[in-house]
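Enquirer: Input structure: upload_8.pdb, which contains PDB, C-alpha atoms and all ligand atoms.
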ATOM      1  CA  MET A 322      39.069  19.937  20.824
ATOM      2  CA  ASP A 323      39.549  18.924  17.207
ATOM      3  CA  PRO A 324      37.990  21.709  15.125
ATOM      4  CA  ILE A 325      37.860  19.630  11.934
ATOM      5  CA  ILE A 326      34.329  18.819  10.927
ATOM      6  CA  LYS A 327      33.694  15.439   9.339
ATOM      7  CA  THR A 328      32.124  15.573   5.898
ATOM      8  CA  LYS A 329      29.261  13.313   6.845
ATOM      9  CA  GLU A 330      28.342  15.671   9.640
ATOM     10  CA  ILE A 331      27.639  18.615   7.370
ATOM     11  CA  THR A 332      26.222  16.941   4.304
ATOM     12  CA  LEU A 333      23.202  15.198   5.792
ATOM     13  CA  GLU A 334      20.397  15.882   3.338
ATOM     14  CA  LYS A 335      18.123  17.189   6.045
ATOM     15  CA  VAL A 336      20.312  20.217   6.641
ATOM     16  CA  TYR A 337      19.897  21.238   3.004
ATOM     17  CA  TYR A 338      16.111  21.311   2.922
ATOM     18  CA  SER A 339      15.751  25.069   2.849
ATOM     19  CA  ARG A 340      17.799  28.212   2.620
ATOM     20  CA  ARG A 341      17.626  28.788   6.340
ATOM     21  CA  LYS A 342      18.670  25.267   7.048
ATOM     22  CA  PHE A 343      21.491  25.593   4.539
ATOM     23  CA  LEU A 344      22.692  28.779   6.212
ATOM     24  CA  LEU A 345      22.408  27.060   9.540
ATOM     25  CA  SER A 346      24.710  24.290   8.337
ATOM     26  CA  ILE A 347      27.213  26.888   7.144
ATOM     27  CA  GLY A 348      26.931  28.537  10.516
ATOM     28  CA  ILE A 349      27.747  25.263  12.184
ATOM     29  CA  SER A 350      30.919  24.770  10.183
ATOM     30  CA  ILE A 351      32.024  28.366  10.735
ATOM     31  CA  ALA A 352      31.385  27.972  14.416
ATOM     32  CA  ALA A 353      33.344  24.753  14.601
ATOM     33  CA  ALA A 354      36.215  26.089  12.513
ATOM     34  CA  SER A 355      36.606  29.554  13.962
ATOM     35  CA  ALA A 356      35.103  29.656  17.424
ATOM     36  CA  ALA A 357      38.141  28.175  19.116
ATOM     37  CA  SER A 358      37.484  30.192  22.253
ATOM     38  CA  ALA A 359      33.973  28.819  22.506
ATOM     39  CA  CYS A 360      35.417  25.333  22.093
ATOM     40  CA  GLU A 361      37.868  25.911  24.900
ATOM     41  CA  ARG A 362      35.078  27.212  27.098
ATOM     42  CA  LEU A 363      33.154  24.054  26.367
ATOM     43  CA  ASP A 364      36.148  21.832  26.995
ATOM     44  CA  SER A 365      36.557  23.406  30.385
ATOM     45  CA  LEU A 366      32.925  22.580  31.094
ATOM     46  CA  GLY A 367      33.480  18.964  30.090
ATOM     47  CA  LEU A 368      30.614  19.066  27.609
ATOM     48  CA  THR A 369      30.072  17.812  24.100
ATOM     49  CA  GLU A 370      29.947  20.244  21.205
ATOM     50  CA  LYS A 371      29.928  20.092  17.421
ATOM     51  CA  GLY A 372      33.121  18.614  16.090
ATOM     52  CA  ASP A 373      33.086  16.039  18.842
ATOM     53  CA  SER A 374      33.025  12.426  17.688
ATOM     54  CA  LYS A 375      29.796  11.905  19.624
ATOM     55  CA  SER A 376      27.936  14.365  17.426
ATOM     56  CA  PRO A 377      24.270  13.446  16.989
ATOM     57  CA  LEU A 378      24.254  15.142  13.581
ATOM     58  CA  SER A 379      25.557  11.770  12.492
ATOM     59  CA  GLY A 380      22.460  10.098  13.917
ATOM     60  CA  LYS A 381      23.176   9.157  17.501
ATOM     61  CA  GLY A 382      25.013  10.479  20.466
ATOM     62  CA  SER A 383      25.094  11.010  24.195
ATOM     63  CA  ASP A 384      25.608  13.724  26.755
ATOM     64  CA  GLU A 385      28.832  14.120  28.757
ATOM     65  CA  LEU A 386      27.497  11.717  31.410
ATOM     66  CA  GLY A 387      26.923   9.002  28.805
ATOM     67  CA  ASN A 388      23.125   9.378  28.647
ATOM     68  CA  ASP A 389      21.562   8.502  25.293
ATOM     69  CA  LEU A 390      19.784  11.209  23.348
ATOM     70  CA  THR A 391      16.006  11.255  23.595
ATOM     71  CA  SER A 392      14.506  10.332  20.238
ATOM     72  CA  LEU A 393      13.653  13.172  17.864
ATOM     73  CA  LYS A 394      10.129  11.799  17.771
ATOM     74  CA  SER A 395       9.686  12.335  21.514
ATOM     75  CA  VAL A 396      11.401  15.719  21.450
ATOM     76  CA  GLU A 397       8.947  16.871  18.775
ATOM     77  CA  ASN A 398       5.780  15.279  20.097
ATOM     78  CA  TYR A 399       5.815  15.705  23.873
ATOM     79  CA  ASN A 400       5.887  19.431  24.536
ATOM     80  CA  ASN A 401       4.870  22.056  27.012
ATOM     81  CA  TYR A 402       3.724  25.182  25.198
ATOM     82  CA  TYR A 403       0.699  26.674  26.918
ATOM     83  CA  GLU A 404       0.226  29.322  24.215
ATOM     84  CA  PHE A 405      -1.143  26.475  22.087
ATOM     85  CA  THR A 406      -2.540  23.930  24.529
ATOM     86  CA  THR A 407      -1.798  22.270  27.842
ATOM     87  CA  ASP A 408      -2.027  18.867  26.120
ATOM     88  CA  LYS A 409       1.590  17.873  25.478
ATOM     89  CA  GLU A 410       0.747  15.513  22.661
ATOM     90  CA  LYS A 411      -1.265  18.103  20.721
ATOM     91  CA  VAL A 412       1.254  20.955  20.671
ATOM     92  CA  ALA A 413       2.980  19.715  17.506
ATOM     93  CA  ALA A 414      -0.211  19.699  15.433
ATOM     94  CA  LEU A 415      -1.564  22.969  16.826
ATOM     95  CA  SER A 416       1.692  24.854  16.279
ATOM     96  CA  ALA A 417       2.402  23.440  12.817
ATOM     97  CA  ASN A 418       1.278  26.557  10.942
ATOM     98  CA  PHE A 419       2.666  29.136  13.342
ATOM     99  CA  LYS A 420       4.591  31.745  11.354
ATOM    100  CA  THR A 421       8.161  32.289  12.569
ATOM    101  CA  GLU A 422       9.487  34.368   9.657
ATOM    102  CA  PRO A 423       9.987  37.274   9.509
ATOM    103  CA  TRP A 424      10.892  37.632  13.173
ATOM    104  CA  THR A 425      12.421  40.435  15.181
ATOM    105  CA  LEU A 426      14.264  40.067  18.456
ATOM    106  CA  GLU A 427      14.553  43.304  20.385
ATOM    107  CA  VAL A 428      17.319  43.672  22.965
ATOM    108  CA  GLY A 429      16.925  46.690  25.212
ATOM    109  CA  GLY A 430      16.452  48.099  28.687
ATOM    110  CA  LEU A 431      19.521  48.999  30.722
ATOM    111  CA  VAL A 432      22.042  48.679  27.899
ATOM    112  CA  ARG A 433      24.268  51.078  25.991
ATOM    113  CA  SER A 434      23.509  49.460  22.614
ATOM    114  CA  PRO A 435      19.855  48.525  22.231
ATOM    115  CA  LYS A 436      19.231  46.706  18.950
ATOM    116  CA  LYS A 437      16.679  44.910  16.853
ATOM    117  CA  TYR A 438      17.843  41.737  15.163
ATOM    118  CA  GLY A 439      16.349  39.754  12.319
ATOM    119  CA  LEU A 440      17.044  36.033  12.149
ATOM    120  CA  ASP A 441      19.631  36.523   9.409
ATOM    121  CA  ASP A 442      21.486  39.074  11.562
ATOM    122  CA  LEU A 443      21.604  36.602  14.425
ATOM    123  CA  GLU A 444      22.815  33.797  12.179
ATOM    124  CA  ARG A 445      25.619  35.959  10.870
ATOM    125  CA  LEU A 446      26.693  37.408  14.206
ATOM    126  CA  PHE A 447      26.234  34.319  16.354
ATOM    127  CA  PRO A 448      26.728  31.109  14.368
ATOM    128  CA  SER A 449      24.860  28.213  15.882
ATOM    129  CA  ARG A 450      26.775  25.268  17.263
ATOM    130  CA  GLU A 451      25.625  22.097  18.895
ATOM    131  CA  ARG A 452      25.230  21.456  22.633
ATOM    132  CA  ILE A 453      23.805  18.318  24.157
ATOM    133  CA  TYR A 454      21.929  19.140  27.359
ATOM    134  CA  ARG A 455      19.635  17.338  29.740
ATOM    135  CA  MET A 456      16.268  19.052  30.156
ATOM    136  CA  ARG A 457      14.361  18.409  33.381
ATOM    137  CA  CYS A 458      10.731  19.522  33.528
ATOM    138  CA  VAL A 459       9.383  20.571  36.919
ATOM    139  CA  GLU A 460       6.656  17.939  36.367
ATOM    140  CA  GLY A 461       9.197  15.153  36.878
ATOM    141  CA  TRP A 462      10.169  14.039  33.382
ATOM    142  CA  SER A 463      13.355  14.693  31.418
ATOM    143  CA  MET A 464      14.992  14.429  28.015
ATOM    144  CA  VAL A 465      18.489  14.665  26.520
ATOM    145  CA  ILE A 466      18.413  17.067  23.583
ATOM    146  CA  PRO A 467      21.067  18.000  20.998
ATOM    147  CA  TRP A 468      20.390  21.737  20.663
ATOM    148  CA  LEU A 469      21.787  24.117  18.118
ATOM    149  CA  GLY A 470      22.304  27.624  19.376
ATOM    150  CA  PHE A 471      24.663  30.258  20.700
ATOM    151  CA  PRO A 472      25.578  31.417  24.200
ATOM    152  CA  LEU A 473      23.276  34.198  25.365
ATOM    153  CA  THR A 474      26.311  35.914  26.861
ATOM    154  CA  ASP A 475      27.566  36.767  23.341
ATOM    155  CA  LEU A 476      24.350  38.624  22.585
ATOM    156  CA  LEU A 477      24.308  40.343  25.984
ATOM    157  CA  LYS A 478      27.887  41.526  25.590
ATOM    158  CA  MET A 479      26.998  43.116  22.267
ATOM    159  CA  ALA A 480      24.200  45.022  24.019
ATOM    160  CA  GLU A 481      26.627  46.361  26.664
ATOM    161  CA  PRO A 482      24.607  46.166  29.887
ATOM    162  CA  THR A 483      24.985  49.205  32.157
ATOM    163  CA  SER A 484      26.057  48.769  35.773
ATOM    164  CA  ALA A 485      22.412  49.236  36.825
ATOM    165  CA  ALA A 486      21.366  46.020  35.040
ATOM    166  CA  LYS A 487      20.892  43.171  37.516
ATOM    167  CA  TYR A 488      18.364  40.865  35.840
ATOM    168  CA  VAL A 489      17.448  39.735  32.346
ATOM    169  CA  LYS A 490      13.819  39.465  31.329
ATOM    170  CA  PHE A 491      12.650  37.334  28.393
ATOM    171  CA  THR A 492       9.308  37.943  26.725
ATOM    172  CA  SER A 493       7.639  35.400  24.446
ATOM    173  CA  ILE A 494       5.409  36.454  21.577
ATOM    174  CA  LEU A 495       1.839  37.659  22.207
ATOM    175  CA  ASP A 496      -0.341  36.507  19.320
ATOM    176  CA  PRO A 497      -3.757  35.263  20.513
ATOM    177  CA  GLU A 498      -5.052  34.989  16.943
ATOM    178  CA  GLU A 499      -2.448  32.340  16.146
ATOM    179  CA  MET A 500      -2.053  30.878  19.624
ATOM    180  CA  PRO A 501      -5.348  29.490  20.905
ATOM    181  CA  GLY A 502      -4.039  28.935  24.434
ATOM    182  CA  GLN A 503      -3.571  32.688  24.853
ATOM    183  CA  LYS A 504      -7.338  33.043  24.904
ATOM    184  CA  ASN A 505      -7.268  31.276  28.278
ATOM    185  CA  PRO A 506      -7.671  34.141  30.782
ATOM    186  CA  PHE A 507      -6.423  32.025  33.677
ATOM    187  CA  TYR A 508      -2.853  32.833  32.646
ATOM    188  CA  GLU A 509      -1.158  36.207  32.278
ATOM    189  CA  TRP A 510       0.091  36.539  28.732
ATOM    190  CA  PRO A 511       2.624  36.928  27.283
ATOM    191  CA  TYR A 512       4.880  34.261  28.818
ATOM    192  CA  VAL A 513       7.704  36.003  30.643
ATOM    193  CA  GLU A 514      10.795  34.497  32.211
ATOM    194  CA  GLY A 515      13.857  35.929  33.923
ATOM    195  CA  MET A 516      17.236  35.296  35.458
ATOM    196  CA  ARG A 517      19.890  37.171  37.337
ATOM    197  CA  LEU A 518      22.400  38.776  34.974
ATOM    198  CA  ASP A 519      25.255  36.530  36.144
ATOM    199  CA  GLU A 520      23.148  33.415  35.487
ATOM    200  CA  ALA A 521      22.222  34.736  32.064
ATOM    201  CA  MET A 522      25.896  35.384  31.272
ATOM    202  CA  HIS A 523      26.947  31.856  32.260
ATOM    203  CA  ASP A 524      28.358  30.023  29.264
ATOM    204  CA  LEU A 525      25.855  27.176  29.624
ATOM    205  CA  THR A 526      22.915  29.529  28.987
ATOM    206  CA  LEU A 527      21.914  29.174  25.372
ATOM    207  CA  ILE A 528      19.643  30.814  22.836
ATOM    208  CA  SER A 529      18.533  27.866  20.769
ATOM    209  CA  THR A 530      17.834  28.086  17.048
ATOM    210  CA  GLY A 531      17.557  24.394  16.314
ATOM    211  CA  LEU A 532      17.852  20.809  17.440
ATOM    212  CA  TYR A 533      18.993  17.513  15.963
ATOM    213  CA  GLY A 534      20.906  19.419  13.265
ATOM    214  CA  LYS A 535      17.915  21.268  11.858
ATOM    215  CA  THR A 536      15.982  24.488  12.369
ATOM    216  CA  LEU A 537      13.986  24.558  15.604
ATOM    217  CA  PRO A 538      10.552  22.918  15.246
ATOM    218  CA  ASN A 539       7.656  25.248  16.063
ATOM    219  CA  GLN A 540       6.582  23.117  19.005
ATOM    220  CA  ASN A 541      10.027  23.489  20.598
ATOM    221  CA  GLY A 542       9.883  27.289  20.520
ATOM    222  CA  ALA A 543      10.909  28.422  17.038
ATOM    223  CA  PRO A 544      12.543  30.540  15.987
ATOM    224  CA  LEU A 545      14.385  31.454  19.220
ATOM    225  CA  ARG A 546      14.072  29.911  22.657
ATOM    226  CA  LEU A 547      16.061  30.032  25.845
ATOM    227  CA  VAL A 548      17.755  26.914  27.248
ATOM    228  CA  VAL A 549      19.076  26.898  30.833
ATOM    229  CA  PRO A 550      20.043  23.301  31.532
ATOM    230  CA  TRP A 551      20.501  23.513  35.325
ATOM    231  CA  LYS A 552      17.019  24.969  35.868
ATOM    232  CA  TYR A 553      13.567  23.459  35.431
ATOM    233  CA  GLY A 554      12.401  23.486  31.831
ATOM    234  CA  PHE A 555       9.837  26.250  32.349
ATOM    235  CA  LYS A 556      12.657  28.818  32.572
ATOM    236  CA  GLY A 557      13.377  28.157  28.890
ATOM    237  CA  ALA A 558      10.959  30.628  27.298
ATOM    238  CA  LYS A 559       9.924  29.827  23.731
ATOM    239  CA  ALA A 560       9.375  32.129  20.734
ATOM    240  CA  ILE A 561      11.235  35.041  22.344
ATOM    241  CA  VAL A 562      10.649  38.508  20.871
ATOM    242  CA  LYS A 563      12.242  40.667  23.556
ATOM    243  CA  ILE A 564      15.175  40.538  25.949
ATOM    244  CA  ASP A 565      15.375  43.360  28.491
ATOM    245  CA  LEU A 566      18.099  44.155  30.961
ATOM    246  CA  VAL A 567      16.389  45.378  34.129
ATOM    247  CA  LYS A 568      17.161  46.547  37.650
ATOM    248  CA  ASP A 569      14.621  44.515  39.618
ATOM    249  CA  MET A 570      13.649  40.853  39.639
ATOM    250  CA  PRO A 571      11.038  40.584  36.876
ATOM    251  CA  ARG A 572       7.614  39.071  37.422
ATOM    252  CA  THR A 573       7.431  35.788  35.568
ATOM    253  CA  PHE A 574       4.633  33.704  34.088
ATOM    254  CA  TRP A 575       4.961  30.857  36.576
ATOM    255  CA  VAL A 576       5.539  32.967  39.664
ATOM    256  CA  ASP A 577       2.413  34.911  38.666
ATOM    257  CA  THR A 578       0.507  31.680  38.170
ATOM    258  CA  ASN A 579       1.488  30.058  41.460
ATOM    259  CA  ALA A 580       4.392  31.516  43.442
ATOM    260  CA  ARG A 581       4.141  28.845  46.112
ATOM    261  CA  GLU A 582       4.758  26.046  43.630
ATOM    262  CA  TYR A 583       7.100  27.680  41.107
ATOM    263  CA  GLY A 584       9.999  29.806  42.281
ATOM    264  CA  PHE A 585      11.954  32.440  40.414
ATOM    265  CA  PHE A 586      15.274  30.582  40.604
ATOM    266  CA  ALA A 587      13.865  27.137  39.780
ATOM    267  CA  ASN A 588      17.244  25.421  40.004
ATOM    268  CA  VAL A 589      16.798  21.671  39.669
ATOM    269  CA  ASN A 590      16.998  20.441  43.252
ATOM    270  CA  PRO A 591      16.172  16.891  44.377
ATOM    271  CA  ASP A 592      15.979  18.129  47.994
ATOM    272  CA  VAL A 593      13.184  20.615  47.453
ATOM    273  CA  PRO A 594       9.955  18.766  46.654
ATOM    274  CA  HIS A 595       7.236  20.425  44.667
ATOM    275  CA  PRO A 596       4.292  20.890  47.068
ATOM    276  CA  ARG A 597       2.401  18.158  45.169
ATOM    277  CA  TRP A 598       5.166  15.694  44.201
ATOM    278  CA  THR A 599       8.752  14.683  44.849
ATOM    279  CA  GLN A 600      11.619  16.130  42.837
ATOM    280  CA  SER A 601      14.093  13.469  43.968
ATOM    281  CA  THR A 602      13.468  11.253  40.933
ATOM    282  CA  GLU A 603      12.449  11.730  37.322
ATOM    283  CA  ARG A 604      11.213   9.773  34.327
ATOM    284  CA  ARG A 605      13.564  10.012  31.368
ATOM    285  CA  ILE A 606      11.296   9.930  28.335
ATOM    286  CA  GLY A 607      11.863   6.587  26.601
ATOM    287  CA  GLU A 608      12.835   4.750  29.795
ATOM    288  CA  LEU A 609      10.722   2.696  32.152
ATOM    289  CA  ARG A 610      12.455   3.015  35.512
ATOM    290  CA  ARG A 611      12.732   6.378  37.218
ATOM    291  CA  ARG A 612      16.176   7.910  37.690
ATOM    292  CA  LYS A 613      17.589   9.942  40.514
ATOM    293  CA  THR A 614      17.451  13.667  39.886
ATOM    294  CA  LEU A 615      20.874  15.304  40.165
ATOM    295  CA  PRO A 616      21.484  18.635  41.940
ATOM    296  CA  PHE A 617      21.456  21.410  39.336
ATOM    297  CA  ASN A 618      20.450  18.690  36.854
ATOM    298  CA  GLY A 619      24.035  17.387  36.834
ATOM    299  CA  TYR A 620      25.653  20.783  36.181
ATOM    300  CA  ALA A 621      26.594  21.555  39.811
ATOM    301  CA  ASP A 622      30.337  21.721  39.101
ATOM    302  CA  GLN A 623      29.724  24.471  36.586
ATOM    303  CA  VAL A 624      27.012  26.527  38.288
ATOM    304  CA  ALA A 625      26.858  25.920  42.062
ATOM    305  CA  GLY A 626      29.322  28.789  42.509
ATOM    306  CA  LEU A 627      26.728  31.237  41.207
ATOM    307  CA  TYR A 628      24.756  30.780  44.410
ATOM    308  CA  GLY A 629      27.462  31.027  47.082
ATOM    309  CA  SER A 630      25.891  30.584  50.473
ATOM    310  CA  MET A 631      22.365  31.367  49.277
ATOM    311  CA  ASP A 632      19.711  29.224  51.000
ATOM    312  CA  LEU A 633      18.452  27.207  48.030
ATOM    313  CA  LYS A 634      15.522  25.849  50.032
ATOM    314  CA  LYS A 635      14.251  29.351  50.689
ATOM    315  CA  PHE A 636      15.124  30.795  47.282
ATOM    316  CA  PHE A 637      13.810  27.963  45.135
TER     317      PHE A 637
HETATM  318  N1  LIG B 701       6.548  30.456  25.824
HETATM  319  C1  LIG B 701       6.581  29.296  26.487
HETATM  320  N2  LIG B 701       7.772  28.761  26.791
HETATM  321  C2  LIG B 701       7.823  27.574  27.451
HETATM  322  C3  LIG B 701       6.649  26.912  27.877
HETATM  323  C4  LIG B 701       5.397  27.503  27.537
HETATM  324  O1  LIG B 701       4.303  26.983  27.860
HETATM  325  N3  LIG B 701       5.397  28.687  26.840
HETATM  326  N4  LIG B 701       6.740  25.725  28.589
HETATM  327  C5  LIG B 701       8.002  25.498  29.318
HETATM  328  C6  LIG B 701       8.122  24.166  29.899
HETATM  329  S1  LIG B 701       7.203  23.840  31.290
HETATM  330  C7  LIG B 701       9.008  23.240  29.429
HETATM  331  S2  LIG B 701       9.278  21.767  30.240
HETATM  332  C8  LIG B 701       9.749  23.479  28.166
HETATM  333  C9  LIG B 701       9.443  22.358  27.194
HETATM  334  O2  LIG B 701      10.255  22.484  26.051
HETATM  335  P1  LIG B 701      10.117  21.438  24.855
HETATM  336  O3  LIG B 701       8.671  21.350  24.463
HETATM  337  O4  LIG B 701      10.972  22.001  23.763
HETATM  338  O5  LIG B 701      10.633  20.125  25.358
HETATM  339  O6  LIG B 701       9.408  24.707  27.545
HETATM  340  C10 LIG B 701       9.219  25.792  28.448
HETATM  341  N5  LIG B 701       9.049  27.028  27.715
HETATM  342 MO    MO B 702       8.183  22.060  32.296
END
Write the structure described by the file as structure tokens, please.
Ligand SMILES: Nc1nc2c(c(=O)[nH]1)N[C@H]1C(S)=C(S)[C@@H](COP(=O)(O)O)O[C@H]1N2
Ligand SMILES: [Mo]
Expert:
Amino acid sequence: MDPIIKTKEITLEKVYYSRRKFLLSIGISIAAASAASACERLDSLGLTEKGDSKSPLSGKGSDELGNDLTSLKSVENYNNYYEFTTDKEKVAALSANFKTEPWTLEVGGLVRSPKKYGLDDLERLFPSRERIYRMRCVEGWSMVIPWLGFPLTDLLKMAEPTSAAKYVKFTSILDPEEMPGQKNPFYEWPYVEGMRLDEAMHDLTLISTGLYGKTLPNQNGAPLRLVVPWKYGFKGAKAIVKIDLVKDMPRTFWVDTNAREYGFFANVNPDVPHPRWTQSTERRIGELRRRKTLPFNGYADQVAGLYGSMDLKKFF
């Protein structure tokens, strides 16, 4: 992959709005210039990353299958974020004043090096780069989003998981004063998600810090959210404050809410219908006709090996 970054890709005025955004743009160029190993990893996955001619920082782009990006307007105005509201079109307004700085991410549990990170620490240690991923919601709609972020595996390696660690648990912020949806007692707050350690260490698994070349909008999970492109969107916990390495499969928000309808693995699978609707097709936001849903959301070549002979109908 050509590591040279084109001038127009790093001088868009929108990346200079604020200090954080400026630092983010620096991070992007450092990542593109020095993270050759990450580039090679990406090449081997056949994906698009910053420095690629298809970069959406220049305004448009597509994923590695040739799918157009979903418009920024849709990405920012059609959201699931139950801490604020279950109305997708009202999340943006309700989350507009949510405070994401200062922020502390705590990494702990079964690790040799537990740590607390501020956002500046993360920016310095793990420069954000761009990844274009499809996102498939369990409700049957999907988007193509140009994320900025870094592979979770880099952060996990720094924590040095012990041999007892088998799962990774992600905890979103608990802040009922600022998040009106958390006053709804039907759900068990805070939002918690989890994955097996090997899934979490897969290079596709991202901690996102931004999208469309700018800092992550509040409604998309600022300042830090998980992105796991081969799983249903609900695995991608927003506003993460804690990452724990644990021995046992963690309880998760959606399994707690309805274990029959939402499984722990939640791999995108057109052959396993949701009890109330099909998962064989999806509506790509911005398109009229439904598309076929791909096994593992189109990432089967990269991730099917994680599951060996596991019965994916039973462990959904
Ligand atoms: N903390 C938290 N994370 C969350 C959710 C949520 O309600 N709370 N919704 C999930 C669901 S169902 C989806 S589809 C995606 C939506 O991400 P987006 O709004 O950035 O498109 O976020 C996921 N992460
Ligand atoms: Mo979702």
Enquirer: Around all listed atoms of segment 602-618 of chain A, padded 3 Å per side, what centre and edge lengths does the axis-aligned box have in Å to one decimal, as AutoDock Vina command-line options?
Expert:
--center_x 16.1 --center_y 12.1 --center_z 34.3 --size_x 16.8 --size_y 24.7 --size_z 21.3
Enquirer: Which segment 554-622 of chain A residues have any atom within 6 Å of an atom of segment 487-510 of chain A, and for each, what is the nearest pair of atoms with distance in Å to one decimal, counting only C-alpha atoms, rows sorted by chain and number, as JSON lines?
Expert:
{"residue": "A:Ala560", "atom": "CA", "partner": "A:Ser493", "partner_atom": "CA", "distance": 5.2}
{"residue": "A:Ile561", "atom": "CA", "partner": "A:Ser493", "partner_atom": "CA", "distance": 4.2}
{"residue": "A:Val562", "atom": "CA", "partner": "A:Ser493", "partner_atom": "CA", "distance": 5.6}
{"residue": "A:Lys563", "atom": "CA", "partner": "A:Thr492", "partner_atom": "CA", "distance": 5.1}
{"residue": "A:Ile564", "atom": "CA", "partner": "A:Phe491", "partner_atom": "CA", "distance": 4.8}
{"residue": "A:Asp565", "atom": "CA", "partner": "A:Lys490", "partner_atom": "CA", "distance": 5.1}
{"residue": "A:Leu566", "atom": "CA", "partner": "A:Val489", "partner_atom": "CA", "distance": 4.7}
{"residue": "A:Val567", "atom": "CA", "partner": "A:Tyr488", "partner_atom": "CA", "distance": 5.2}
{"residue": "A:Lys568", "atom": "CA", "partner": "A:Lys487", "partner_atom": "CA", "distance": 5.0}
Enquirer: Can you spell out as a PyMOL selection string the set of residues that the PyMOL selection byres (((chain A and resi 392) around 12) and not hetatm) selects in the structure I just provided?
Expert: chain A and resi 377+380-383+389-391+393-399+464-467+532-533+605-608
Enquirer: In Å, with one decimal, what is the gap from atom CA of Leu446 of chain A to atom CA of Lys478 of chain A?
Expert: 12.2 Å
Enquirer: Which one is closest to Met522 of chain A: A:Leu477, A:Leu537, A:Ala543, A:Leu426? Count all atoms listed in the file.
Expert: A:Leu477
Enquirer: What is the distance between atom CA of Asp441 of chain A and atom C9 of ligand LIG 701 (chain B), in Å to one decimal?
Expert: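 Between these atoms lies a distance of 24.9 Å.
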Enquirer: Residues up to 7 Å from ligand MO 702 (chain B), counting only C-alpha atoms and all ligand atoms: could you list those as an MDAnalysis selection string?
Expert: chainID A and resid 401 458:460 553:555
Enquirer: I'd like the interatomic distance between atom CA of Gly584 of chain A and atom CA of Gly629 of chain A, to a tenth of an Å.
Expert: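 These two atoms are separated by 18.2 Å.
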Enquirer: Could you give me, as number ranges by chain, the residues within 7 Å of Asn539 of chain A, counting all atoms listed in the file and dropping anything in the same chain fewer than 3 positions from it?
Expert: A: 416-417, 419, 542-543
Enquirer: Using only C-alpha atoms, please write the residues we just selected to a file, as a PDB file, in the coordinates of the input.
Expert:
ATOM      1  CA  SER A 416       1.692  24.854  16.279  1.00  0.00           C
ATOM      2  CA  ALA A 417       2.402  23.440  12.817  1.00  0.00           C
ATOM      3  CA  PHE A 419       2.666  29.136  13.342  1.00  0.00           C
ATOM      4  CA  GLY A 542       9.883  27.289  20.520  1.00  0.00           C
ATOM      5  CA  ALA A 543      10.909  28.422  17.038  1.00  0.00           C
TER       6      ALA A 543
END
Enquirer: With distances taken over all atoms listed in the file, which residue among A:Thr599, A:Ser449, A:Gln623, A:Asn588 lies nearest Leu525 of chain A?
Expert: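 Answer, going by the shortest atom-to-atom distance: A:Gln623.
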Enquirer: Identify which of the residues A:Thr483, A:Ser601, A:Thr614, A:Asn590 lies closest to Leu633 of chain A, counting all atoms listed in the file when measuring atom-to-atom distances.
Expert: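 Looking only at the distances to Leu633 of chain A, the closest residue turns out to be A:Asn590.
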Enquirer: So, with only C-alpha atoms and all ligand atoms as the atoms that count, which of A:Phe586, A:Phe447, A:Phe574, A:Trp551 lies closest to ligand LIG 701 (chain B)?
Expert: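 Under the stated criterion, the closest residue is A:Phe574.
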